[in-house]
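upload_7.cif (mmCIF, C-alpha atoms) appears below.
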data_model
#
loop_
_atom_site.label_atom_id
_atom_site.label_comp_id
_atom_site.auth_asym_id
_atom_site.auth_seq_id
_atom_site.Cartn_x
_atom_site.Cartn_y
_atom_site.Cartn_z
CA MET H 1 0.00 0.00 0.00
CA ALA H 2 2.70 2.42 1.01
CA THR H 3 4.59 1.83 -2.22
CA GLN H 4 1.47 2.70 -4.16
CA TYR H 5 1.29 6.11 -2.54
CA LYS H 6 4.99 6.61 -3.08
CA THR H 7 4.51 5.95 -6.77
CA ILE H 8 1.55 8.31 -6.87
CA VAL H 9 3.54 11.09 -5.27
CA ARG H 10 6.60 10.57 -7.47
CA ASP H 11 4.53 10.28 -10.63
CA GLY H 12 2.70 13.49 -9.88
CA LEU H 13 5.67 15.55 -8.84
CA TRP H 14 8.29 14.34 -11.29
CA ASP H 15 8.19 11.05 -13.22
CA ASN H 16 4.87 11.60 -14.94
CA ASN H 17 4.53 15.33 -14.29
CA GLY H 18 1.46 16.80 -15.97
CA VAL H 19 3.37 19.49 -17.80
CA LEU H 20 6.97 18.30 -18.03
CA ALA H 21 6.25 14.66 -18.94
CA MET H 22 2.68 14.46 -20.24
CA LEU H 23 2.65 17.91 -21.82
CA LEU H 24 -0.97 18.36 -20.79
CA GLY H 25 -2.58 21.61 -19.74
CA MET H 26 -0.43 23.64 -22.10
CA CYS H 27 -2.89 26.53 -22.30
CA PRO H 28 -2.59 27.65 -18.67
CA SER H 29 1.10 26.68 -18.63
CA MET H 30 1.76 29.24 -21.35
CA ALA H 31 -0.79 31.90 -20.56
CA MET H 32 -0.43 32.06 -16.78
CA THR H 33 3.33 31.88 -16.31
CA THR H 34 4.44 35.45 -16.96
CA SER H 35 5.56 35.48 -13.34
CA ALA H 36 6.36 32.85 -10.73
CA THR H 37 3.58 34.13 -8.49
CA ASN H 38 0.96 33.80 -11.22
CA GLY H 39 2.15 30.29 -12.01
CA LEU H 40 2.04 29.27 -8.37
CA GLY H 41 -1.43 30.72 -7.85
CA MET H 42 -2.85 29.06 -10.94
CA GLY H 43 -1.16 25.80 -9.99
CA LEU H 44 -2.56 25.79 -6.46
CA ALA H 45 -6.08 26.58 -7.67
CA THR H 46 -5.80 23.74 -10.19
CA ALA H 47 -4.51 21.38 -7.50
CA ALA H 48 -7.52 22.14 -5.29
CA VAL H 49 -9.92 21.50 -8.16
CA MET H 50 -8.13 18.29 -9.16
CA ALA H 51 -8.07 16.85 -5.66
CA ALA H 52 -11.77 17.58 -5.13
CA SER H 53 -12.92 16.29 -8.50
CA SER H 54 -10.77 13.13 -8.31
CA LEU H 55 -12.30 12.40 -4.94
CA LEU H 56 -15.83 12.90 -6.21
CA VAL H 57 -15.35 10.85 -9.37
CA SER H 58 -13.82 8.01 -7.40
CA LEU H 59 -16.67 8.17 -4.92
CA PHE H 60 -19.25 7.80 -7.68
CA ARG H 61 -17.15 5.56 -9.95
CA ASN H 62 -19.57 2.63 -9.65
CA ASN H 63 -22.59 4.77 -10.43
CA ILE H 64 -21.25 6.42 -13.54
CA THR H 65 -21.80 4.33 -16.64
CA GLN H 66 -19.20 4.16 -19.37
CA GLU H 67 -21.39 5.97 -21.90
CA VAL H 68 -22.05 9.14 -19.90
CA ARG H 69 -18.77 9.33 -18.02
CA ILE H 70 -17.23 12.18 -20.01
CA PRO H 71 -20.17 14.59 -19.53
CA VAL H 72 -20.31 13.67 -15.85
CA TYR H 73 -16.56 14.32 -15.43
CA ILE H 74 -16.83 17.66 -17.14
CA LEU H 75 -19.85 18.48 -15.01
CA ILE H 76 -17.91 17.66 -11.84
CA VAL H 77 -14.83 19.64 -12.85
CA ALA H 78 -16.95 22.62 -13.91
CA ALA H 79 -18.91 22.52 -10.65
CA MET H 80 -15.71 22.42 -8.58
CA VAL H 81 -14.24 25.31 -10.57
CA THR H 82 -17.36 27.40 -10.09
CA LEU H 83 -17.32 26.58 -6.40
CA VAL H 84 -13.69 27.68 -6.05
CA ASP H 85 -14.41 30.78 -8.13
CA LEU H 86 -17.36 31.88 -5.96
CA CYS H 87 -15.66 31.15 -2.65
CA MET H 88 -12.46 32.92 -3.64
CA ASN H 89 -14.37 35.95 -4.86
CA ALA H 90 -16.22 36.19 -1.57
CA TRP H 91 -13.57 35.30 0.98
CA MET H 92 -10.15 35.64 -0.66
CA HIS H 93 -10.82 38.72 -2.67
CA GLU H 94 -7.24 40.01 -2.99
CA LEU H 95 -6.16 36.69 -4.42
CA TYR H 96 -9.23 36.63 -6.62
CA LYS H 97 -8.25 39.94 -8.16
CA VAL H 98 -4.93 38.39 -9.23
CA LEU H 99 -6.23 35.02 -10.38
CA GLY H 100 -9.93 35.54 -10.94
CA LEU H 101 -9.68 35.86 -14.68
CA PHE H 102 -7.92 32.52 -14.97
CA ILE H 103 -9.93 30.31 -12.62
CA PRO H 104 -12.58 29.50 -15.26
CA LEU H 105 -9.74 28.35 -17.54
CA ILE H 106 -9.25 25.31 -15.31
CA VAL H 107 -12.39 23.79 -16.84
CA SER H 108 -10.69 23.65 -20.22
CA ASN H 109 -7.47 22.22 -18.78
CA CYS H 110 -7.21 18.65 -20.02
CA LEU H 111 -5.01 17.52 -17.14
CA PRO H 112 -7.82 17.12 -14.57
CA LEU H 113 -9.95 15.29 -17.14
CA ALA H 114 -7.04 13.00 -18.05
CA ARG H 115 -6.46 12.05 -14.41
CA LEU H 116 -10.16 11.42 -13.80
CA GLU H 117 -10.33 9.11 -16.79
CA ALA H 118 -7.00 7.39 -16.21
CA PHE H 119 -6.99 7.09 -12.46
CA ALA H 120 -9.95 8.21 -10.41
CA ALA H 121 -12.47 6.27 -12.49
CA LYS H 122 -10.82 2.96 -11.52
CA GLU H 123 -9.19 3.47 -8.14
CA PRO H 124 -10.53 3.78 -4.58
CA VAL H 125 -11.22 7.13 -3.00
CA LEU H 126 -8.02 7.80 -1.05
CA PRO H 127 -5.51 6.95 -3.79
CA SER H 128 -7.62 8.98 -6.24
CA PHE H 129 -7.61 11.97 -3.95
CA MET H 130 -3.85 11.66 -3.54
CA ASP H 131 -3.36 11.33 -7.27
CA GLY H 132 -5.43 14.44 -7.97
CA LEU H 133 -3.65 16.36 -5.24
CA PHE H 134 -0.11 15.42 -6.24
CA MET H 135 -0.72 15.73 -9.96
CA GLY H 136 -2.00 19.19 -9.09
CA ILE H 137 1.00 20.02 -6.92
CA GLY H 138 3.28 18.77 -9.69
CA PHE H 139 1.40 21.04 -12.07
CA ALA H 140 1.88 23.95 -9.65
CA PHE H 141 5.59 23.12 -9.40
CA ALA H 142 6.01 23.09 -13.18
CA LEU H 143 4.07 26.35 -13.61
CA THR H 144 6.07 28.04 -10.87
CA ALA H 145 9.33 26.90 -12.50
CA ILE H 146 8.30 28.16 -15.93
CA GLY H 147 7.05 31.39 -14.36
CA ALA H 148 10.27 31.89 -12.40
CA VAL H 149 12.49 31.55 -15.48
CA ARG H 150 10.28 33.86 -17.53
CA GLU H 151 10.00 36.41 -14.75
CA ILE H 152 13.74 36.55 -14.05
CA THR H 153 14.71 36.83 -17.71
CA GLY H 154 11.76 38.98 -18.72
CA SER H 155 11.25 41.46 -15.89
CA GLY H 156 14.26 40.86 -13.64
CA THR H 157 12.14 40.05 -10.58
CA LEU H 158 11.24 36.84 -8.79
CA PHE H 159 7.96 36.23 -6.98
CA ALA H 160 6.87 39.83 -7.42
CA ASP H 161 3.47 40.38 -5.72
CA ALA H 162 3.81 37.09 -3.82
CA SER H 163 2.46 38.85 -0.73
CA LEU H 164 -0.79 39.53 -2.62
CA LEU H 165 -1.14 35.82 -3.24
CA LEU H 166 0.12 34.29 -0.01
CA GLY H 167 -0.31 37.08 2.53
CA PRO H 168 1.97 39.80 3.90
CA ALA H 169 4.17 37.24 5.69
CA PHE H 170 5.59 36.22 2.33
CA LYS H 171 6.88 39.66 1.45
CA PHE H 172 10.45 38.34 1.84
CA MET H 173 10.00 36.20 -1.27
CA GLU H 174 9.74 39.24 -3.51
CA MET H 175 13.10 39.79 -5.10
CA ARG H 176 14.60 41.97 -7.75
CA LEU H 177 17.47 40.18 -9.42
CA LEU H 178 18.13 42.35 -12.45
CA SER H 179 17.58 46.05 -13.05
CA ALA H 180 14.15 46.97 -14.35
CA ASP H 181 15.20 47.56 -17.96
CA ALA H 182 17.51 44.53 -18.24
CA GLY H 183 14.62 42.15 -18.94
CA VAL H 184 14.07 40.63 -22.36
CA LEU H 185 10.52 41.54 -23.21
CA MET H 186 10.04 38.48 -25.39
CA MET H 187 10.25 36.20 -22.38
CA VAL H 188 7.02 37.52 -20.85
CA LEU H 189 5.29 37.48 -24.23
CA PRO H 190 3.87 34.23 -25.67
CA PRO H 191 7.10 33.09 -27.43
CA GLY H 192 8.87 33.05 -24.07
CA GLY H 193 6.27 30.59 -22.78
CA PHE H 194 6.97 28.13 -25.58
CA LEU H 195 10.73 28.52 -25.28
CA VAL H 196 10.91 28.06 -21.53
CA THR H 197 8.44 25.17 -21.45
CA GLY H 198 10.41 23.40 -24.18
CA LEU H 199 13.72 23.97 -22.43
CA LEU H 200 12.37 22.71 -19.11
CA VAL H 201 10.99 19.55 -20.76
CA VAL H 202 14.44 18.93 -22.23
CA GLY H 203 16.04 19.69 -18.86
CA LYS H 204 13.83 17.16 -17.09
CA ARG H 205 14.69 14.44 -19.60
CA MET H 206 18.39 15.19 -19.32
CA LEU H 207 18.21 14.86 -15.55
CA ASP H 208 16.36 11.57 -15.95
CA VAL H 209 19.00 10.26 -18.34
CA ARG H 210 21.78 11.32 -16.02
CA ALA H 211 20.05 9.48 -13.18
CA GLY H 212 20.17 6.38 -15.33
CA LYS H 213 16.43 6.22 -15.84
CA ALA H 214 15.01 5.25 -19.18
CA ILE H 215 13.35 8.25 -20.71
CA GLN H 216 9.74 7.93 -19.71
CA MET H 217 7.38 9.09 -22.34
CA GLY H 218 4.51 10.93 -20.76
CA CYS H 219 1.64 8.54 -20.36
CA ALA H 220 -1.79 9.63 -19.29
CA HIS H 221 -2.86 6.03 -18.71
CA SER H 222 -0.23 4.78 -16.33
CA ALA H 223 -2.37 3.67 -13.43
CA ALA H 224 -0.20 3.09 -10.41
CA MET X 1 -33.31 -3.50 -23.57
CA LYS X 2 -31.44 -0.80 -25.41
CA GLN X 3 -34.19 1.69 -24.64
CA GLN X 4 -33.91 0.90 -20.98
CA ARG X 5 -30.15 1.57 -20.96
CA MET X 6 -30.65 4.84 -22.74
CA LEU X 7 -33.05 5.79 -20.01
CA THR X 8 -30.55 4.81 -17.30
CA HIS X 9 -27.90 7.06 -18.83
CA GLY X 10 -30.30 9.93 -18.96
CA VAL X 11 -31.30 9.42 -15.35
CA ILE X 12 -27.66 9.22 -14.20
CA LEU X 13 -26.73 12.37 -16.03
CA GLY X 14 -29.86 14.08 -14.76
CA VAL X 15 -29.21 13.14 -11.15
CA PHE X 16 -25.65 14.45 -11.34
CA CYS X 17 -26.80 17.70 -12.94
CA LEU X 18 -29.46 18.14 -10.30
CA GLY X 19 -27.07 17.38 -7.44
CA PHE X 20 -24.30 19.69 -8.54
CA GLY X 21 -26.81 22.30 -9.65
CA LEU X 22 -28.17 22.37 -6.12
CA LEU X 23 -24.69 22.54 -4.64
CA LEU X 24 -23.83 25.53 -6.80
CA ALA X 25 -27.14 27.23 -6.10
CA VAL X 26 -26.48 26.97 -2.37
CA THR X 27 -22.90 28.25 -2.74
CA ASN X 28 -24.11 31.12 -4.86
CA ARG X 29 -26.67 32.00 -2.21
CA VAL X 30 -24.12 31.85 0.58
CA THR X 31 -21.48 33.92 -1.20
CA ALA X 32 -23.70 36.42 -3.02
CA GLU X 33 -23.76 38.99 -0.24
CA ASP X 34 -20.01 38.93 0.33
CA ILE X 35 -19.27 39.11 -3.37
CA ALA X 36 -21.52 42.14 -3.81
CA ALA X 37 -19.86 43.82 -0.82
CA ARG X 38 -16.36 43.16 -2.24
CA ALA X 39 -17.36 44.50 -5.65
CA LEU X 40 -18.70 47.66 -4.05
CA GLU X 41 -15.48 48.11 -2.09
CA ASP X 42 -13.46 47.71 -5.29
CA ARG X 43 -15.58 50.31 -6.99
CA LEU X 44 -15.22 52.78 -4.12
CA ASN X 45 -11.49 52.15 -4.03
CA SER X 46 -10.98 52.91 -7.68
CA LEU X 47 -13.23 55.96 -7.35
CA SER X 48 -11.31 57.31 -4.38
CA GLN X 49 -8.19 57.37 -6.55
CA VAL X 50 -9.73 59.81 -9.01
CA VAL X 51 -11.91 61.77 -6.59
CA PRO X 52 -10.10 62.81 -3.39
CA ASP X 53 -11.98 61.88 -0.23
CA GLY X 54 -11.71 65.42 1.10
CA ILE X 55 -14.00 67.03 -1.45
CA HIS X 56 -17.13 65.06 -0.79
CA ASP X 57 -19.32 63.93 2.07
CA ASN X 58 -21.57 61.53 0.16
CA ASN X 59 -21.37 57.97 -1.08
CA LEU X 60 -20.26 58.20 -4.72
CA VAL X 61 -21.80 54.90 -5.70
CA ALA X 62 -25.16 55.86 -4.22
CA ASP X 63 -25.14 59.18 -6.07
CA ALA X 64 -24.74 58.00 -9.64
CA ILE X 65 -26.62 58.53 -12.86
CA ALA X 66 -26.58 56.58 -16.11
CA MET X 67 -25.71 58.39 -19.34
CA LYS X 68 -24.58 57.69 -22.88
CA ASP X 69 -21.15 59.03 -23.82
CA GLY X 70 -20.11 60.50 -27.19
CA GLN X 71 -19.41 57.08 -28.66
CA GLY X 72 -22.71 55.64 -27.53
CA ASN X 73 -21.34 53.64 -24.59
CA GLU X 74 -23.54 53.34 -21.52
CA ILE X 75 -21.60 54.93 -18.71
CA THR X 76 -22.26 55.58 -15.05
CA VAL X 77 -21.45 59.05 -13.80
CA TYR X 78 -20.59 59.14 -10.10
CA ARG X 79 -21.16 62.46 -8.40
CA ALA X 80 -19.22 63.77 -5.45
CA THR X 81 -21.21 66.32 -3.45
CA LYS X 82 -20.37 68.36 -0.43
CA GLU X 83 -23.12 70.07 1.52
CA GLY X 84 -25.52 69.44 -1.33
CA LYS X 85 -23.35 70.94 -4.07
CA VAL X 86 -21.59 68.93 -6.77
CA THR X 87 -17.85 69.17 -6.25
CA GLY X 88 -16.67 66.52 -8.64
CA LEU X 89 -17.64 63.81 -11.10
CA ALA X 90 -16.12 60.51 -12.04
CA TYR X 91 -16.96 58.49 -15.13
CA GLU X 92 -15.50 55.90 -17.46
CA ILE X 93 -13.77 56.99 -20.63
CA PHE X 94 -12.61 54.80 -23.49
CA GLY X 95 -9.58 55.02 -25.73
CA SER X 96 -8.17 52.84 -28.44
CA GLY X 97 -4.67 51.58 -27.75
CA TYR X 98 -2.23 49.38 -29.58
CA ALA X 99 -4.09 46.19 -28.74
CA GLY X 100 -7.71 47.20 -28.48
CA LYS X 101 -9.93 49.25 -26.27
CA MET X 102 -8.65 50.77 -23.04
CA LYS X 103 -11.01 51.62 -20.22
CA LEU X 104 -10.13 54.48 -17.88
CA MET X 105 -11.80 56.28 -14.99
CA LEU X 106 -11.68 60.06 -15.15
CA GLY X 107 -12.37 62.34 -12.24
CA VAL X 108 -13.09 66.03 -12.87
CA ASP X 109 -14.05 68.84 -10.54
CA ALA X 110 -16.99 71.18 -11.08
CA GLU X 111 -14.84 73.52 -13.21
CA GLY X 112 -13.74 70.74 -15.54
CA LYS X 113 -10.26 70.33 -14.11
CA VAL X 114 -8.86 66.80 -13.97
CA LEU X 115 -8.84 65.42 -10.42
CA GLY X 116 -7.25 62.18 -11.49
CA VAL X 117 -7.20 59.48 -14.15
CA ARG X 118 -6.66 55.75 -13.71
CA VAL X 119 -6.60 52.87 -16.12
CA LEU X 120 -9.23 50.26 -15.33
CA ALA X 121 -8.57 47.75 -18.09
CA HIS X 122 -6.27 47.48 -21.08
CA LYS X 123 -4.51 44.91 -23.24
CA GLU X 124 -1.36 46.90 -24.07
CA THR X 125 2.03 45.21 -24.43
CA PRO X 126 3.59 44.33 -21.07
CA GLY X 127 6.78 46.32 -20.58
CA LEU X 128 5.90 48.94 -23.19
CA GLY X 129 2.34 50.19 -23.22
CA ASP X 130 1.53 49.18 -19.66
CA LYS X 131 3.42 52.15 -18.23
CA ILE X 132 0.03 53.85 -18.20
CA GLU X 133 -0.75 51.83 -15.05
CA THR X 134 0.19 53.47 -11.76
CA LYS X 135 1.76 50.14 -10.77
CA LYS X 136 4.30 50.45 -13.59
CA GLY X 137 4.93 54.19 -13.78
CA ASP X 138 3.66 57.62 -12.83
CA TRP X 139 3.01 58.82 -16.38
CA ILE X 140 -0.74 58.96 -15.88
CA LEU X 141 -0.42 61.27 -12.86
CA ARG X 142 0.68 64.20 -15.04
CA PHE X 143 -2.88 64.92 -16.08
CA THR X 144 -4.02 65.94 -12.62
CA GLY X 145 -4.95 69.62 -12.51
CA LEU X 146 -5.10 70.05 -16.29
CA SER X 147 -8.17 71.05 -18.25
CA ILE X 148 -9.23 72.02 -21.74
CA GLY X 149 -7.56 75.44 -22.05
CA ASN X 150 -4.65 74.41 -19.87
CA PRO X 151 -3.04 73.33 -22.16
CA PRO X 152 -5.10 74.67 -25.09
CA VAL X 153 -7.14 72.09 -26.91
CA ASP X 154 -4.75 71.76 -29.86
CA LYS X 155 -1.93 70.86 -27.46
CA TRP X 156 -3.88 67.91 -26.04
CA LYS X 157 -1.77 65.50 -28.05
CA VAL X 158 1.44 63.55 -27.63
CA LYS X 159 4.64 65.41 -28.57
CA LYS X 160 5.03 63.37 -31.72
CA ASP X 161 1.72 64.83 -32.99
CA GLY X 162 2.71 68.37 -32.01
CA GLY X 163 1.11 68.35 -28.58
CA GLN X 164 2.62 68.70 -25.16
CA PHE X 165 2.47 65.21 -23.64
CA ASP X 166 5.47 62.89 -23.63
CA GLN X 167 5.00 59.52 -25.24
CA PHE X 168 7.19 56.85 -23.70
CA ALA X 169 10.06 54.96 -25.27
CA GLY X 170 8.84 52.31 -27.66
CA ALA X 171 5.18 53.21 -27.39
CA THR X 172 3.37 56.10 -28.99
CA ILE X 173 0.02 54.59 -29.80
CA THR X 174 -0.90 53.83 -26.19
CA PRO X 175 -0.24 57.36 -24.80
CA ARG X 176 -1.88 58.85 -27.89
CA GLY X 177 -5.01 56.83 -27.14
CA VAL X 178 -4.98 57.85 -23.49
CA VAL X 179 -4.51 61.56 -24.22
CA LYS X 180 -7.31 61.48 -26.77
CA ALA X 181 -9.62 59.64 -24.38
CA ILE X 182 -9.01 62.22 -21.64
CA ARG X 183 -9.49 65.13 -24.02
CA GLU X 184 -12.76 63.66 -25.25
CA GLY X 185 -13.77 62.96 -21.67
CA LEU X 186 -13.25 66.62 -20.77
CA GLU X 187 -15.09 67.77 -23.88
CA PHE X 188 -17.94 65.47 -22.94
CA PHE X 189 -18.07 67.15 -19.54
CA ALA X 190 -18.09 70.60 -21.15
CA ALA X 191 -20.94 69.62 -23.46
CA HIS X 192 -23.11 67.90 -20.86
CA LYS X 193 -22.22 69.79 -17.73
CA GLU X 194 -25.80 70.73 -16.87
CA GLN X 195 -27.10 67.22 -17.21
CA MET X 196 -24.21 65.66 -15.31
CA MET X 197 -24.47 68.05 -12.39
CA ASP X 198 -28.26 67.89 -12.17
CA LEU X 199 -28.88 66.39 -8.75
CA SER X 200 -32.58 65.88 -9.34
CA ALA X 201 -31.96 63.41 -12.16
CA PRO X 202 -33.07 59.84 -11.44
CA LYS X 203 -30.36 57.80 -9.74
CA ALA X 204 -28.79 54.83 -11.43
CA PRO X 205 -29.34 51.55 -9.66
CA MET X 206 -26.38 50.51 -7.50
CA LYS X 207 -24.23 48.20 -9.50
CA GLY X 208 -21.20 46.34 -8.28
CA GLU X 209 -19.70 44.96 -11.44
CA HIS X 210 -16.98 46.72 -13.39
#

Serialized structure, structure tokens:
Amino acid sequence: MATQYKTIVRDGLWDNNGVLAMLLGMCPSMAMTTSATNGLGMGLATAAVMAASSLLVSLFRNNITQEVRIPVYILIVAAMVTLVDLCMNAWMHELYKVLGLFIPLIVSNCLPLARLEAFAAKEPVLPSFMDGLFMGIGFAFALTAIGAVREITGSGTLFADASLLLGPAFKFMEMRLLSADAGVLMMVLPPGGFLVTGLLVVGKRMLDVRAGKAIQMGCAHSAA
Amino acid sequence: MKQQRMLTHGVILGVFCLGFGLLLAVTNRVTAEDIAARALEDRLNSLSQVVPDGIHDNNLVADAIAMKDGQGNEITVYRATKEGKVTGLAYEIFGSGYAGKMKLMLGVDAEGKVLGVRVLAHKETPGLGDKIETKKGDWILRFTGLSIGNPPVDKWKVKKDGGQFDQFAGATITPRGVVKAIREGLEFFAAHKEQMMDLSAPKAPMKGEH
């Protein structure tokens, strides 16, 4: 049992990472990573939605028939997203002002749907919840990494506005690494997203090779 | 047999829709009041940047009227009053930038002098055109205190067009759009002063959304 959870955690965070291995959820990975803070915020919101919807799908997995499963999954993801959207707007308004525009985008992210279909639909509740959670955290990690590289090279800062996202206690994270006009504008524009994502995918594979692992092709259907 | 299965699918889908529909309805009910309150706070915050708190003793959002601007957009005009007299107005103005429409909030006093301008929404290039935001630069603050006549109307342009306002490096179209929007906003005030300052006009319903 314990090894199963270990695999789930490692798959989500690194081996089968949603962005860096499976290359899923490219739309938010490109659009939302102009800064590390944005990437982190989007990633955490996605993780919350994924954990909740994986749990729900697993809970109802014996009641959902094969033929209507896709609409039901989409319904569940959309409901969770709307729930997060409403609650954040009401009770975490500062954060909502930063992320609000992008929360609805989670519905169109194919990563949650892929995990529901590949994992939660077949596995018991707790492993499914863990899978959703750690796939989500892995997604947040990848988005934060892409955002950090783009932010440093593009605007010369790191984790700017992090205190808006995480609270005033995290003010120390806000750093200026390069002078304001040293940034390469292209990196915060769409081409920078493609470049950095591509480079990070290559970087992950090189690390895997160095560690002596066979290059794992991203696989949405690798049930643990 | 097949008919029966079709029915089962429909029922399953229906039950899920009903269940999650109910869940969302409840959440909406629970959060509605807080969301409306937050939206109102946001609105008051952005208004207080273009209309100084010191010049009014009323609630700007409560004292608003609906009008149509020169381009046919529905706008809300917020009125600042002190001891029953209008001391300032704030309303949305629109300009076209490099990447589409820009929405700004303009505050003017009763004489038509700019109290303040802020950008509410824009899609200008990050790092170039976005210097119109107060977060990225203080360019937009230079309009405070100006009016049509100071500078004269034919100087209400960017320097490149023979006016008196600096464009910024790498971006001319964005500042040009902003200057034009403010000039038109002031001209709109001049043309509709009576109507905008008329306190007996029917009030616009309180709206939270931007």

Quiz item: What does the distance from CA of Glu83 in chain X to CA of Phe188 in chain X come to in Å, to one decimal?
Solution: 25.4 Å

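From CA of Val77 in chain H back to CA of Gly21 in chain X, the distance works out to 12.7 Å.
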
Quiz item: Any idea what's packed within 6 Å of Gln164 in chain X, counting all atoms listed in the file, ignoring anything in its chain fewer than 4 positions away? Could you give it as an MDAnalysis selection string?
Solution: chainID X and resid 155 158:159

Sorted by chain and rising residue number, list the residues of chain X at most 9 Å from chain H (counting only C-alpha atoms), each with its closest atom pair and distance in Å to one decimal, as JSON lines.
{"residue": "X:Thr8", "atom": "CA", "partner": "H:Thr65", "partner_atom": "CA", "distance": 8.8}
{"residue": "X:His9", "atom": "CA", "partner": "H:Val68", "partner_atom": "CA", "distance": 6.3}
{"residue": "X:Gly10", "atom": "CA", "partner": "H:Val68", "partner_atom": "CA", "distance": 8.3}
{"residue": "X:Ile12", "atom": "CA", "partner": "H:Ile64", "partner_atom": "CA", "distance": 7.0}
{"residue": "X:Leu13", "atom": "CA", "partner": "H:Val72", "partner_atom": "CA", "distance": 6.6}
{"residue": "X:Phe16", "atom": "CA", "partner": "H:Val72", "partner_atom": "CA", "distance": 7.0}
{"residue": "X:Cys17", "atom": "CA", "partner": "H:Leu75", "partner_atom": "CA", "distance": 7.3}
{"residue": "X:Phe20", "atom": "CA", "partner": "H:Ala79", "partner_atom": "CA", "distance": 6.4}
{"residue": "X:Gly21", "atom": "CA", "partner": "H:Ala79", "partner_atom": "CA", "distance": 8.0}
{"residue": "X:Leu23", "atom": "CA", "partner": "H:Ala79", "partner_atom": "CA", "distance": 8.3}
{"residue": "X:Leu24", "atom": "CA", "partner": "H:Leu83", "partner_atom": "CA", "distance": 6.6}
{"residue": "X:Thr27", "atom": "CA", "partner": "H:Leu83", "partner_atom": "CA", "distance": 6.9}
{"residue": "X:Asn28", "atom": "CA", "partner": "H:Leu86", "partner_atom": "CA", "distance": 6.9}
{"residue": "X:Thr31", "atom": "CA", "partner": "H:Ala90", "partner_atom": "CA", "distance": 5.7}
{"residue": "X:Ala32", "atom": "CA", "partner": "H:Ala90", "partner_atom": "CA", "distance": 7.6}
{"residue": "X:Glu33", "atom": "CA", "partner": "H:Ala90", "partner_atom": "CA", "distance": 8.2}
{"residue": "X:Asp34", "atom": "CA", "partner": "H:Ala90", "partner_atom": "CA", "distance": 5.0}
{"residue": "X:Ile35", "atom": "CA", "partner": "H:Ala90", "partner_atom": "CA", "distance": 4.6}
{"residue": "X:Ala36", "atom": "CA", "partner": "H:Ala90", "partner_atom": "CA", "distance": 8.3}
{"residue": "X:Ala37", "atom": "CA", "partner": "H:Ala90", "partner_atom": "CA", "distance": 8.5}
{"residue": "X:Arg38", "atom": "CA", "partner": "H:Ala90", "partner_atom": "CA", "distance": 7.0}
{"residue": "X:Thr125", "atom": "CA", "partner": "H:Leu189", "partner_atom": "CA", "distance": 8.4}
{"residue": "X:Pro126", "atom": "CA", "partner": "H:Val188", "partner_atom": "CA", "distance": 7.6}
{"residue": "X:Gly127", "atom": "CA", "partner": "H:Leu185", "partner_atom": "CA", "distance": 6.6}
{"residue": "X:Leu128", "atom": "CA", "partner": "H:Leu185", "partner_atom": "CA", "distance": 8.7}

Exercise. Would you translate the PyMOL selection byres ((chain X and resi 41-56) around 10) into the concrete set of residues it matches in this file, as a PyMOL selection string?
Key: (chain H and resi 93+97) or (chain X and resi 35-40+57-61+78-91+105-109+114-120+144+207-210)

Exercise. Could you check which of X:Asp130, X:Leu199, X:Gly162, X:Phe94 is closest to Gly177 in chain X, using only C-alpha atoms?
Key: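 Closest residue, counting only C-alpha atoms: X:Phe94.
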